[in-house]
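Data from run.cif: mmCIF, C-alpha atoms
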data_entry
#
loop_
_atom_site.group_PDB
_atom_site.id
_atom_site.type_symbol
_atom_site.label_atom_id
_atom_site.label_comp_id
_atom_site.auth_asym_id
_atom_site.auth_seq_id
_atom_site.Cartn_x
_atom_site.Cartn_y
_atom_site.Cartn_z
ATOM 1 C CA MET A 340 10.769 -1.619 -20.232
ATOM 2 C CA GLU A 341 12.108 -1.399 -16.677
ATOM 3 C CA LYS A 342 10.289 -3.354 -13.969
ATOM 4 C CA TYR A 343 9.814 -1.296 -10.836
ATOM 5 C CA LYS A 344 10.264 -2.818 -7.404
ATOM 6 C CA LEU A 345 7.319 -2.445 -5.046
ATOM 7 C CA ILE A 346 6.896 -3.309 -1.407
ATOM 8 C CA ALA A 347 3.340 -4.471 -0.720
ATOM 9 C CA MET A 348 1.414 -4.676 2.549
ATOM 10 C CA SER A 349 -1.951 -6.075 3.454
ATOM 11 C CA GLY A 350 -3.673 -4.230 6.281
ATOM 12 C CA SER A 351 -5.303 -7.480 7.388
ATOM 13 C CA LEU A 352 -3.811 -10.328 9.392
ATOM 14 C CA ARG A 353 -6.812 -12.618 8.822
ATOM 15 C CA LYS A 354 -5.920 -15.880 7.044
ATOM 16 C CA LYS A 355 -8.844 -15.724 4.608
ATOM 17 C CA SER A 356 -8.707 -11.948 4.190
ATOM 18 C CA PHE A 357 -10.465 -10.497 1.153
ATOM 19 C CA ASN A 358 -7.836 -7.753 1.110
ATOM 20 C CA THR A 359 -4.901 -10.154 1.110
ATOM 21 C CA ALA A 360 -6.603 -12.062 -1.723
ATOM 22 C CA LEU A 361 -7.056 -8.745 -3.539
ATOM 23 C CA LEU A 362 -3.377 -7.931 -2.976
ATOM 24 C CA HIS A 363 -2.350 -11.229 -4.587
ATOM 25 C CA SER A 364 -4.716 -10.579 -7.507
ATOM 26 C CA ILE A 365 -3.118 -7.151 -8.026
ATOM 27 C CA ILE A 366 0.333 -8.753 -7.923
ATOM 28 C CA GLU A 367 -0.735 -11.199 -10.617
ATOM 29 C CA LEU A 368 -2.129 -8.388 -12.797
ATOM 30 C CA ALA A 369 1.031 -6.307 -12.277
ATOM 31 C CA GLN A 370 3.662 -8.988 -12.846
ATOM 32 C CA ASP A 371 4.765 -7.676 -16.264
ATOM 33 C CA ASP A 372 5.568 -4.173 -14.953
ATOM 34 C CA PHE A 373 6.485 -4.672 -11.305
ATOM 35 C CA ASP A 374 8.500 -6.955 -9.062
ATOM 36 C CA ILE A 375 6.449 -7.006 -5.883
ATOM 37 C CA GLU A 376 7.594 -8.202 -2.485
ATOM 38 C CA VAL A 377 4.915 -8.697 0.144
ATOM 39 C CA VAL A 378 6.125 -7.803 3.629
ATOM 40 C CA SER A 379 4.631 -8.695 6.971
ATOM 41 C CA ILE A 380 3.382 -5.898 9.183
ATOM 42 C CA GLU A 381 3.284 -8.048 12.296
ATOM 43 C CA LEU A 382 5.558 -5.718 14.226
ATOM 44 C CA PRO A 383 5.942 -4.837 17.889
ATOM 45 C CA LEU A 384 3.839 -1.884 18.943
ATOM 46 C CA PHE A 385 5.507 1.400 18.092
ATOM 47 C CA ASN A 386 7.523 2.793 20.969
ATOM 48 C CA ASP A 387 9.543 5.985 20.569
ATOM 49 C CA ASP A 388 12.082 4.597 23.049
ATOM 50 C CA LEU A 389 13.007 1.883 20.542
ATOM 51 C CA ILE A 390 13.859 4.116 17.585
ATOM 52 C CA ASP A 391 17.493 3.932 16.432
ATOM 53 C CA PRO A 392 19.745 2.379 17.554
ATOM 54 C CA ASP A 393 17.572 0.001 19.610
ATOM 55 C CA GLU A 394 14.793 -0.677 17.111
ATOM 56 C CA PRO A 395 13.790 -4.305 16.550
ATOM 57 C CA GLU A 396 15.476 -6.066 13.610
ATOM 58 C CA VAL A 397 12.123 -6.683 11.911
ATOM 59 C CA VAL A 398 11.474 -2.918 11.911
ATOM 60 C CA ALA A 399 14.946 -2.104 10.545
ATOM 61 C CA ALA A 400 14.416 -4.686 7.766
ATOM 62 C CA LEU A 401 11.035 -3.173 6.855
ATOM 63 C CA LYS A 402 12.498 0.336 6.718
ATOM 64 C CA GLN A 403 15.337 -0.853 4.488
ATOM 65 C CA ALA A 404 12.968 -2.696 2.137
ATOM 66 C CA VAL A 405 10.748 0.389 1.746
ATOM 67 C CA ARG A 406 13.781 2.660 1.337
ATOM 68 C CA GLU A 407 15.114 0.501 -1.540
ATOM 69 C CA ALA A 408 11.755 0.101 -3.323
ATOM 70 C CA ASP A 409 10.466 2.278 -6.139
ATOM 71 C CA GLY A 410 6.996 2.343 -4.626
ATOM 72 C CA LEU A 411 4.648 1.115 -1.936
ATOM 73 C CA LEU A 412 1.387 -0.785 -2.495
ATOM 74 C CA ILE A 413 -1.116 -0.858 0.361
ATOM 75 C CA VAL A 414 -4.229 -3.057 0.224
ATOM 76 C CA THR A 415 -6.330 -2.746 3.334
ATOM 77 C CA PRO A 416 -9.721 -3.276 4.905
ATOM 78 C CA GLU A 417 -11.497 -0.524 6.768
ATOM 79 C CA TYR A 418 -11.992 -0.946 10.506
ATOM 80 C CA ASN A 419 -14.417 1.385 12.281
ATOM 81 C CA HIS A 420 -14.297 3.826 9.352
ATOM 82 C CA SER A 421 -10.504 4.052 9.585
ATOM 83 C CA ILE A 422 -7.097 2.390 9.237
ATOM 84 C CA PRO A 423 -6.550 -1.023 10.862
ATOM 85 C CA GLY A 424 -4.316 -0.682 13.920
ATOM 86 C CA VAL A 425 -1.696 -3.102 12.588
ATOM 87 C CA LEU A 426 -1.269 -1.015 9.417
ATOM 88 C CA LYS A 427 -1.137 2.271 11.326
ATOM 89 C CA ASN A 428 1.507 0.763 13.594
ATOM 90 C CA ALA A 429 3.655 -0.179 10.563
ATOM 91 C CA ILE A 430 3.293 3.308 9.107
ATOM 92 C CA ASP A 431 4.256 4.836 12.458
ATOM 93 C CA TRP A 432 7.433 2.745 12.520
ATOM 94 C CA LEU A 433 8.217 3.865 8.955
ATOM 95 C CA SER A 434 7.496 7.523 9.535
ATOM 96 C CA LEU A 435 8.801 8.667 12.871
ATOM 97 C CA GLU A 436 12.504 8.921 12.232
ATOM 98 C CA PRO A 437 14.845 11.363 10.554
ATOM 99 C CA GLY A 438 14.966 10.535 6.838
ATOM 100 C CA THR A 439 11.747 8.507 6.774
ATOM 101 C CA PRO A 440 11.700 5.954 3.937
ATOM 102 C CA LEU A 441 8.184 7.198 3.119
ATOM 103 C CA ARG A 442 9.346 10.664 2.031
ATOM 104 C CA ASP A 443 8.767 11.097 -1.730
ATOM 105 C CA LYS A 444 7.771 7.411 -2.025
ATOM 106 C CA PRO A 445 5.040 6.812 -4.653
ATOM 107 C CA VAL A 446 2.134 4.993 -2.965
ATOM 108 C CA MET A 447 -0.856 3.162 -4.406
ATOM 109 C CA ILE A 448 -3.806 2.290 -2.162
ATOM 110 C CA ALA A 449 -6.551 -0.300 -2.702
ATOM 111 C CA GLY A 450 -9.106 -1.991 -0.509
ATOM 112 C CA ALA A 451 -12.054 -4.344 -0.411
ATOM 113 C CA SER A 452 -15.117 -4.312 1.789
ATOM 114 C CA PRO A 453 -18.425 -6.184 1.937
ATOM 115 C CA GLY A 454 -20.193 -2.803 2.145
ATOM 116 C CA ILE A 455 -21.232 -0.245 -0.429
ATOM 117 C CA LEU A 456 -18.387 2.240 0.187
ATOM 118 C CA GLY A 457 -15.499 -0.135 -0.291
ATOM 119 C CA THR A 458 -12.764 1.320 1.882
ATOM 120 C CA ALA A 459 -13.324 4.985 1.017
ATOM 121 C CA ARG A 460 -13.160 6.348 4.565
ATOM 122 C CA CYS A 461 -10.040 4.360 5.415
ATOM 123 C CA GLN A 462 -8.347 5.522 2.236
ATOM 124 C CA ILE A 463 -9.076 9.161 3.100
ATOM 125 C CA HIS A 464 -7.353 8.639 6.457
ATOM 126 C CA LEU A 465 -4.430 6.864 4.810
ATOM 127 C CA ARG A 466 -3.964 9.780 2.421
ATOM 128 C CA GLN A 467 -3.836 12.145 5.403
ATOM 129 C CA VAL A 468 -1.266 9.985 7.191
ATOM 130 C CA PHE A 469 0.909 9.674 4.083
ATOM 131 C CA ALA A 470 0.674 13.432 3.428
ATOM 132 C CA THR A 471 2.171 14.013 6.876
ATOM 133 C CA ASN A 472 5.153 11.919 5.793
ATOM 134 C CA ARG A 473 5.384 13.589 2.386
ATOM 135 C CA ALA A 474 4.735 10.312 0.578
ATOM 136 C CA ASN A 475 3.269 10.709 -2.903
ATOM 137 C CA VAL A 476 -0.059 8.882 -2.967
ATOM 138 C CA LEU A 477 -1.394 8.302 -6.474
ATOM 139 C CA PRO A 478 -4.132 10.932 -6.910
ATOM 140 C CA GLY A 479 -7.564 9.793 -8.046
ATOM 141 C CA ASN A 480 -7.583 6.264 -9.423
ATOM 142 C CA GLU A 481 -8.995 4.873 -6.195
ATOM 143 C CA ILE A 482 -9.590 1.142 -6.003
ATOM 144 C CA PHE A 483 -12.608 0.489 -3.784
ATOM 145 C CA ILE A 484 -13.840 -3.070 -4.233
ATOM 146 C CA THR A 485 -17.405 -2.986 -2.922
ATOM 147 C CA HIS A 486 -19.469 -6.094 -2.101
ATOM 148 C CA CYS A 487 -16.208 -8.068 -2.026
ATOM 149 C CA LYS A 488 -17.852 -11.309 -0.893
ATOM 150 C CA GLU A 489 -19.409 -11.504 -4.368
ATOM 151 C CA LYS A 490 -16.219 -10.531 -6.237
ATOM 152 C CA ILE A 491 -13.369 -12.265 -4.392
ATOM 153 C CA ASP A 492 -13.101 -15.948 -3.556
ATOM 154 C CA ASP A 493 -10.317 -18.450 -2.831
ATOM 155 C CA SER A 494 -8.981 -18.016 -6.361
ATOM 156 C CA GLY A 495 -8.833 -14.222 -6.015
ATOM 157 C CA LEU A 496 -10.651 -11.368 -7.701
ATOM 158 C CA HIS A 497 -12.993 -12.466 -10.494
ATOM 159 C CA ASP A 498 -15.017 -9.302 -11.195
ATOM 160 C CA GLU A 499 -14.148 -8.026 -14.708
ATOM 161 C CA ARG A 500 -15.087 -4.417 -14.008
ATOM 162 C CA SER A 501 -12.827 -4.341 -10.952
ATOM 163 C CA ILE A 502 -10.001 -6.041 -12.858
ATOM 164 C CA ASN A 503 -10.261 -3.435 -15.623
ATOM 165 C CA GLN A 504 -10.137 -0.627 -13.040
ATOM 166 C CA ILE A 505 -7.062 -2.164 -11.401
ATOM 167 C CA ASN A 506 -5.302 -2.531 -14.766
ATOM 168 C CA LYS A 507 -6.027 1.129 -15.551
ATOM 169 C CA THR A 508 -4.787 2.186 -12.122
ATOM 170 C CA LEU A 509 -1.603 0.128 -12.458
ATOM 171 C CA LEU A 510 -0.806 1.972 -15.708
ATOM 172 C CA GLU A 511 -1.339 5.295 -13.935
ATOM 173 C CA TYR A 512 0.770 4.132 -11.011
ATOM 174 C CA ARG A 513 3.646 3.232 -13.327
ATOM 175 C CA LYS A 514 3.471 6.753 -14.810
ATOM 176 C CA TRP A 515 3.322 8.166 -11.262
ATOM 177 C CA ILE A 516 6.512 6.330 -10.276
ATOM 178 C CA GLU A 517 8.230 7.520 -13.457
ATOM 179 C CA PHE A 518 7.156 11.111 -12.745
ATOM 180 C CA TRP A 519 8.614 11.023 -9.234
ATOM 181 C CA LYS A 520 11.801 9.329 -10.398
ATOM 182 C CA ARG A 521 12.310 12.256 -12.808
ATOM 183 C CA ASN A 522 11.244 14.986 -10.399
ATOM 184 C CA ALA A 523 12.057 13.953 -6.816
ATOM 185 C CA LYS A 524 14.708 15.986 -5.075
ATOM 186 C CA LYS A 525 17.865 13.997 -4.625
#

Using structure tokens, write down the structure that the file contains.
Amino acid sequence: MEKYKLIAMSGSLRKKSFNTALLHSIIELAQDDFDIEVVSIELPLFNDDLIDPDEPEVVAALKQAVREADGLLIVTPEYNHSIPGVLKNAIDWLSLEPGTPLRDKPVMIAGASPGILGTARCQIHLRQVFATNRANVLPGNEIFITHCKEKIDDSGLHDERSINQINKTLLEYRKWIEFWKRNAKK
């Protein structure tokens, strides 16, 4: 069975981020089906004046990595009921160019929060942003890890119910990538 290449991003820059820990737990669960490269989203602030040919090297490298990947995995916290600024900045760099690498890219979203809603509001906003770029976000199958302080520690995610949901979602995501590989316009 073919292993698909994913580019993964954490929407948090915090060293002890629950979302970065969740991302690494997902990578561990997905290792049989996916080769996953985690990329940094510590980029300069988006500036339309710097789009091709003057864009920073780190931005060009990110665009190329996403362009070459079979899919994109986003794991993010929710800030003020929305997308963290650093993640939105990365998406802006990826989206505002002719031939965006996000177009037709299968995307899976997950997030962890200490609250009761997980990252539901943020994920709604992310879906809207990705729809603008014609990325193909996995429908349904949302991964909202609620009360993350009780479920994620230094060793990663340890909540069986959440792990089972992630495993189910990873299977659906694999099928989603396969669907778009068969049906995307070349």

Residues picked by the PyMOL selection byres ((chain A and resi 486) around 10) here, as a PDB file with C-alpha atoms, in the coordinates of the input?
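File out-v7.pdb, as written:
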ATOM      1  CA  ALA A 451     -12.054  -4.344  -0.411  1.00  0.00           C
ATOM      2  CA  SER A 452     -15.117  -4.312   1.789  1.00  0.00           C
ATOM      3  CA  PRO A 453     -18.425  -6.184   1.937  1.00  0.00           C
ATOM      4  CA  GLY A 454     -20.193  -2.803   2.145  1.00  0.00           C
ATOM      5  CA  ILE A 455     -21.232  -0.245  -0.429  1.00  0.00           C
ATOM      6  CA  LEU A 456     -18.387   2.240   0.187  1.00  0.00           C
ATOM      7  CA  GLY A 457     -15.499  -0.135  -0.291  1.00  0.00           C
ATOM      8  CA  PHE A 483     -12.608   0.489  -3.784  1.00  0.00           C
ATOM      9  CA  ILE A 484     -13.840  -3.070  -4.233  1.00  0.00           C
ATOM     10  CA  THR A 485     -17.405  -2.986  -2.922  1.00  0.00           C
ATOM     11  CA  CYS A 487     -16.208  -8.068  -2.026  1.00  0.00           C
ATOM     12  CA  LYS A 488     -17.852 -11.309  -0.893  1.00  0.00           C
ATOM     13  CA  GLU A 489     -19.409 -11.504  -4.368  1.00  0.00           C
ATOM     14  CA  LYS A 490     -16.219 -10.531  -6.237  1.00  0.00           C
ATOM     15  CA  ILE A 491     -13.369 -12.265  -4.392  1.00  0.00           C
TER      16      ILE A 491
END

Might you spell out which residues the PyMOL selection byres ((chain A and resi 368-374) around 8) would select in the displayed file, as a tab-separated table (two decimals) with C-alpha atoms, in the coordinates of the input?
chain	number	residue	atom	x	y	z
A	340	MET	CA	10.77	-1.62	-20.23
A	341	GLU	CA	12.11	-1.40	-16.68
A	342	LYS	CA	10.29	-3.35	-13.97
A	343	TYR	CA	9.81	-1.30	-10.84
A	344	LYS	CA	10.26	-2.82	-7.40
A	345	LEU	CA	7.32	-2.44	-5.05
A	364	SER	CA	-4.72	-10.58	-7.51
A	365	ILE	CA	-3.12	-7.15	-8.03
A	366	ILE	CA	0.33	-8.75	-7.92
A	367	GLU	CA	-0.74	-11.20	-10.62
A	375	ILE	CA	6.45	-7.01	-5.88
A	376	GLU	CA	7.59	-8.20	-2.48
A	506	ASN	CA	-5.30	-2.53	-14.77
A	509	LEU	CA	-1.60	0.13	-12.46
A	513	ARG	CA	3.65	3.23	-13.33

Counting all atoms listed in the file, what are the residues of stretch 419-464 of chain A within 12 Å of stretch 518-521 of chain A, and for each of them which pair of atoms is the nearest and at what distance in Å, to one decimal? Sort the table by chain and rising number, as a tab-separated table.
residue	atom	partner	partner_atom	distance
A:Arg442	CA	A:Trp519	CA	11.3
A:Asp443	CA	A:Trp519	CA	7.5
A:Lys444	CA	A:Trp519	CA	8.1
A:Pro445	CA	A:Trp519	CA	7.2
A:Val446	CA	A:Trp519	CA	10.8

Give me a file of those residues, with C-alpha atoms, as a JSON list (two decimals), keeping the file's coordinate frame.
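See again.json below for the written result:
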[["chain", "number", "residue", "atom", "x", "y", "z"],
["A", 442, "ARG", "CA", 9.35, 10.66, 2.03],
["A", 443, "ASP", "CA", 8.77, 11.10, -1.73],
["A", 444, "LYS", "CA", 7.77, 7.41, -2.02],
["A", 445, "PRO", "CA", 5.04, 6.81, -4.65],
["A", 446, "VAL", "CA", 2.13, 4.99, -2.96]]

Care to translate the PyMOL selection byres ((chain A and resi 359) around 10) into actual residues of this file, as a list of chain:residue names? A:Met348, A:Ser349, A:Gly350, A:Ser351, A:Leu352, A:Arg353, A:Lys354, A:Lys355, A:Ser356, A:Phe357, A:Asn358, A:Ala360, A:Leu361, A:Leu362, A:His363, A:Ser364, A:Ile365, A:Val377, A:Val414, A:Thr415, A:Pro416, A:Gly450, A:Ala451, A:Gly495

Among A:Ala400, A:Ala459, A:Met447, A:Ile346, A:Trp515 is approached most closely, using all atoms listed in the file, by A:Met447

Sphere at (-1.7, 3.8, -3.6), radius 7 Å, counting only C-alpha atoms: residues as a list in words: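 Here the neighbourhood of the point contains Leu412, Ile413, Val446, Met447, Ile448, Ala449, Val476 and Leu477 of chain A.
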
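Between A:Pro423 and the residues A:Leu411, A:Leu382, A:Leu465, A:Val397, the shortest atom-to-atom distance, using all atoms listed in the file, involves A:Leu465.
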
Per-axis box centre and lengths in Å around stretch 451-465 of chain A, 3 Å margin per side, axis-aligned, as AutoDock Vina command-line options:
--center_x -12.8 --center_y 1.5 --center_z 3.0 --size_x 22.8 --size_y 21.3 --size_z 12.9

Distance criterion (only C-alpha atoms): nearest to A:Glu481 out of A:Ser434, A:Gln467, A:Gln504, A:Ser421: A:Gln504

Just the number, please: distance in Å from atom CA of A:His497 to atom CA of A:Gly424, one decimal. 28.5 Å

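We find atom CA of A:Glu407 and atom CA of A:Leu441 to be spaced 10.7 Å apart.
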